[in-house]
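The block underneath contains the structure these notes are about, expressed in structure tokens.
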Amino acid sequence: MIELSDSDSLDGPLWFENRNQQQAVHGQKRTVLSPAQSDQERTYEHDARSDDQCPQLAMFAIMNQQRKFDPEVEQFAKFLAAFNKESDRGAALVAASMLDERLEQILSAFFIESAAAKDLVSGFNAPLGTFSSRALAAASLGLIQDNEFKEITLIRKIRNEFGHGWEPLSFETDSISAYARKLPWRGPAEFEESASNRSRFNAAVALLLGDLMWRVKLVSSERCASRTWPHKMRE
């Protein structure tokens with residue numbers, strides 16, 4: 001798999017198995033909109049997978065141009081550079097950790113600003129302190145879409161397979177492969193059959209995090225506010 005360091009260009013998807021696959025789809029471009037440019041409908045249409053063929057390539061090309069200006073892009077670029085170098089077990093754990101952190105940020109951006117809301121998400125024994133509970137809450141509140149929730153659930157299950165045992169495991173292990181093959185493939189159709197499970201996982205993680213890159217900012221514009229309710233026994 002192609003390696004990518006912090007200093008390397010991001011002009012290309014880092015999960016292609018070889019240069020021929022990368023060159024086969026090179027050159028496709030699209031615009032990735034920031035919150036200031038996009039509408040704020042709850043469908044969150046401005047995601048990383050809108051193109052018909054291989055949206056990842058253009059996404060990384062735009063990232064390469066914007067990484068000096070947007071902290072979200074800079075963080076994403078650093079994550080992907082490190083993520084691509086991880087072992088199979090490391091990739092699963094790191095991806096789940098990053099998504100868990102992003103869900104915490106999304107929920108915190110939506111709830112009212114209060115000590116109670118903070119304790120709900122990240123306090124001691126917080127009800128929404130786990131990866132699973134955060135994903136369920138975000139999906140129930142409409143802060144992530146159904147396809148995003150399904151992909152997060154698959155990645156969480158893959159993380160659990162790697163994290164709950166000491167035996168040597170890989171993405172070709174039967175139990176892990178079964179989950180990985182359910183992740184969406186958005187690369188060129190002719191490469192799907194030959195793509196490894198790790199390639200599919202890398203692509204799904206990158207696209208999902210790309211979709212969620214600016215979600216915190218979008219959600220914060222709809223933050224809940226404390227209210228004074230009528231029809232009470234006391235003023």
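Order determines the names: the first chain of the structure tokens is A, the second B, and so forth; residues in each chain are numbered 1 upward, and ligands are numbered 1 upward as they are shown.
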* Would you please give, as a ChimeraX atom specification, all residues of segment 44-226 of chain A that DSSP assigns to alpha helix (DSSP H) based on the backbone? => /A:55-66,71-83,88-110,115-122,131-140,146-163,174-180,197-211,215-220
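Distance annotation: of A:Lys217, A:Ala203, A:Asp88, A:Val73, the residue with the minimal separation from Ser177 of chain A is A:Asp88; atom set is only C-alpha atoms.
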Write out as a compact mmCIF listing (two decimals) with C-alpha atoms, in the first residue's frame the residues lying within 12 Å of Lys182 of chain A, counting only C-alpha atoms and excluding same-chain residues fewer than 2 positions away.
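Done, and the output landed in result-v3.txt:
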# COMPACT_ATOMS: atom_id res chain seq x y z
CA ASN A 147 -25.44 5.43 6.50
CA LYS A 150 -24.16 1.94 10.03
CA GLU A 151 -20.55 2.49 9.01
CA ILE A 152 -19.57 3.63 12.51
CA THR A 153 -21.21 0.50 13.91
CA LEU A 154 -19.21 -1.75 11.58
CA ILE A 155 -15.96 0.04 12.44
CA LYS A 157 -17.35 -4.00 15.79
CA ILE A 158 -14.05 -4.36 13.92
CA SER A 175 -14.83 -12.56 11.84
CA ILE A 176 -13.18 -9.26 10.90
CA SER A 177 -13.42 -9.86 7.16
CA ALA A 178 -17.18 -10.36 7.49
CA TYR A 179 -17.58 -6.86 8.91
CA ALA A 180 -15.05 -5.23 6.57
CA PRO A 184 -19.10 0.62 1.31
CA TRP A 185 -16.73 0.67 -1.64
CA ASN A 197 -10.24 -5.82 3.27
CA ARG A 200 -11.86 -1.19 1.94
CA PHE A 201 -11.51 -0.30 5.62
CA ALA A 204 -14.45 3.75 4.45
* **Residues near segment 114-130 of chain A, cut-off 8 Å, only C-alpha atoms, skip fewer than 5 positions along chain, as an NGL selection string** => :A and (100 or 104 or 107-108 or 137)
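With only C-alpha atoms as the atoms that count, the minimum distance from Ala195 of chain A to the choices A:Arg181, A:Phe111, A:Leu208, A:Leu103 is reached by A:Arg181.
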Using only C-alpha atoms, tabulate the residues of segment 88-186 of chain A lying at most 8 Å from any atom of segment 220-226 of chain A, each with its closest atom pair and that distance in Å to one decimal, by chain and increasing residue number, as a Markdown table.
| residue | atom | partner | partner_atom | distance |
| --- | --- | --- | --- | --- |
| A:Ile106 | CA | A:Ser220 | CA | 7.9 |
| A:Ala109 | CA | A:Ser220 | CA | 4.7 |
| A:Phe110 | CA | A:Arg223 | CA | 4.3 |
| A:Phe111 | CA | A:Cys224 | CA | 5.3 |
| A:Ile112 | CA | A:Cys224 | CA | 4.9 |
| A:Glu113 | CA | A:Ala225 | CA | 7.9 |
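In this structure, atom CA of Leu93 of chain A sits 17.7 Å away from atom CA of Phe149 of chain A.
Taking atom CA of Ala138 of chain A as the reference point, atom CA of Trp214 of chain A is found at 15.0 Å.
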